[in-house]
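Asker: Sharing a structure here in structure tokens format.
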Amino acid sequence: MIIKLNRNQIFLISIFIFILFLLSDRLSFYIGSKMTTGEIVEFDTWETGRKFRSTNYVPVVECKFDTMLFTFKGATDVERVYKCGDIVKVIYKSDFSDARIYSLTGFWFPMYPMALLGSLFILIAAAVYSFIEPTEKIEFKFDKKISFNKTKAETGIVKKDLLQ
């Protein structure tokens with residue numbers, strides 16, 4: 001089997017893989033989870049850095065399920081969006097093994113490690129993009145051994161011999 005891809009196709013495929021890579025973690029958590037509400041009861045704080053100190057705040061959320069009380073820590077609240085006593089949406093696993101604040105900054109956004117790892121796809125695609133001319137393609141051959149070659153795209157122009 002031979003697959004020929006030009007540089008635009010390689011770049012679009014890498015962006016698609018990057019987006020799938022980022023969403024796969026959150027979607028696997030989202031599927032099969034349940035929603036409820038919880039109350040922010042306090043903030044855990046800690047300081048980082050030696051020369052330039054910064055304080056990080058993590059909301060502690062308390063949820064009540066019938067007779068059970070469940071407490072968990074949310075994602076770092078950099079902008080101090082929440083206050084003690086705020087009621088927030090909570091998404092949790094059915095077995096109460098994990099719970100998170102369901103918001104853009106609390107659930108969907110804190111994917112930094114995944115984003116850094118996934119950005120390798122973009123870097124590879126950018127490198128490939130810069131070394132391939134618009135008229136060239138990369139040809140992947142999947143035989144007994146996987147190989148690839150850079151080939152010129154067929155233009156459809158037939159050169160005639162002028163000496164005839």
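Just remember, in the structure tokens the first chain shown is A, the second B, etc., residues are 1-based per chain, and ligands are 1-based in the order shown.
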Write out as a PyMOL selection string which residues come within 12 Å of A:Lys34 when counting only C-alpha atoms, dropping same-chain ones fewer than 6 positions away.

Answerer: chain A and resi 65+89-96+98-102

Asker: Show which residues sit within 10 Å of A:Ile87, as number ranges by chain. Count only C-alpha atoms, and ignore same-chain residues fewer than 4 positions away.

Answerer: A: 37-41, 61-63, 82-83

Asker: Keeping N, CA and C atoms, export the residues of the selection given above as a PDB file, in the first residue's frame.

Answerer:
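The result, stored in part.pdb:
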```pdb
ATOM      1  N   THR A  37     -24.196  19.286  41.887  1.00  0.00           N
ATOM      2  CA  THR A  37     -23.669  20.581  42.311  1.00  0.00           C
ATOM      3  C   THR A  37     -22.917  20.400  43.620  1.00  0.00           C
ATOM      4  N   GLY A  38     -22.008  21.309  43.864  1.00  0.00           N
ATOM      5  CA  GLY A  38     -21.232  21.291  45.093  1.00  0.00           C
ATOM      6  C   GLY A  38     -20.979  22.707  45.561  1.00  0.00           C
ATOM      7  N   GLU A  39     -20.500  22.825  46.774  1.00  0.00           N
ATOM      8  CA  GLU A  39     -20.226  24.134  47.355  1.00  0.00           C
ATOM      9  C   GLU A  39     -18.738  24.260  47.660  1.00  0.00           C
ATOM     10  N   ILE A  40     -18.172  25.399  47.329  1.00  0.00           N
ATOM     11  CA  ILE A  40     -16.770  25.658  47.663  1.00  0.00           C
ATOM     12  C   ILE A  40     -16.727  26.057  49.130  1.00  0.00           C
ATOM     13  N   VAL A  41     -16.010  25.239  49.921  1.00  0.00           N
ATOM     14  CA  VAL A  41     -16.001  25.464  51.370  1.00  0.00           C
ATOM     15  C   VAL A  41     -14.735  26.165  51.842  1.00  0.00           C
ATOM     16  N   VAL A  61     -14.055  21.567  47.251  1.00  0.00           N
ATOM     17  CA  VAL A  61     -15.485  21.477  46.964  1.00  0.00           C
ATOM     18  C   VAL A  61     -16.092  20.338  47.770  1.00  0.00           C
ATOM     19  N   GLU A  62     -17.270  20.597  48.294  1.00  0.00           N
ATOM     20  CA  GLU A  62     -17.998  19.607  49.088  1.00  0.00           C
ATOM     21  C   GLU A  62     -19.320  19.299  48.396  1.00  0.00           C
ATOM     22  N   CYS A  63     -19.585  18.005  48.170  1.00  0.00           N
ATOM     23  CA  CYS A  63     -20.831  17.557  47.540  1.00  0.00           C
ATOM     24  C   CYS A  63     -21.544  16.606  48.485  1.00  0.00           C
ATOM     25  N   TYR A  82     -13.580  31.816  41.863  1.00  0.00           N
ATOM     26  CA  TYR A  82     -14.530  31.340  42.852  1.00  0.00           C
ATOM     27  C   TYR A  82     -14.316  32.018  44.196  1.00  0.00           C
ATOM     28  N   LYS A  83     -15.375  31.975  45.002  1.00  0.00           N
ATOM     29  CA  LYS A  83     -15.318  32.468  46.382  1.00  0.00           C
ATOM     30  C   LYS A  83     -15.917  31.392  47.283  1.00  0.00           C
TER      31      LYS A  83
END
```

Asker: Residues of stretch 17-103 of chain A classed as alpha helix (DSSP H) by DSSP on the backbone are to be reported as a count of residues only.

Answerer: 14

Asker: Quick one: residues within 8 Å of A:Arg7, only C-alpha atoms counted, chain neighbours fewer than 3 positions away excluded, as number ranges by chain?

Answerer: A: 10-11, 128-129, 132-134, 136-138

Asker: Can you work out which one of A:Asn6, A:Ala75, A:Met68, A:Thr105 has the shortest atom-to-atom distance to A:Ser130, counting only C-alpha atoms?

Answerer: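 Result for the nearest residue to A:Ser130: A:Asn6.
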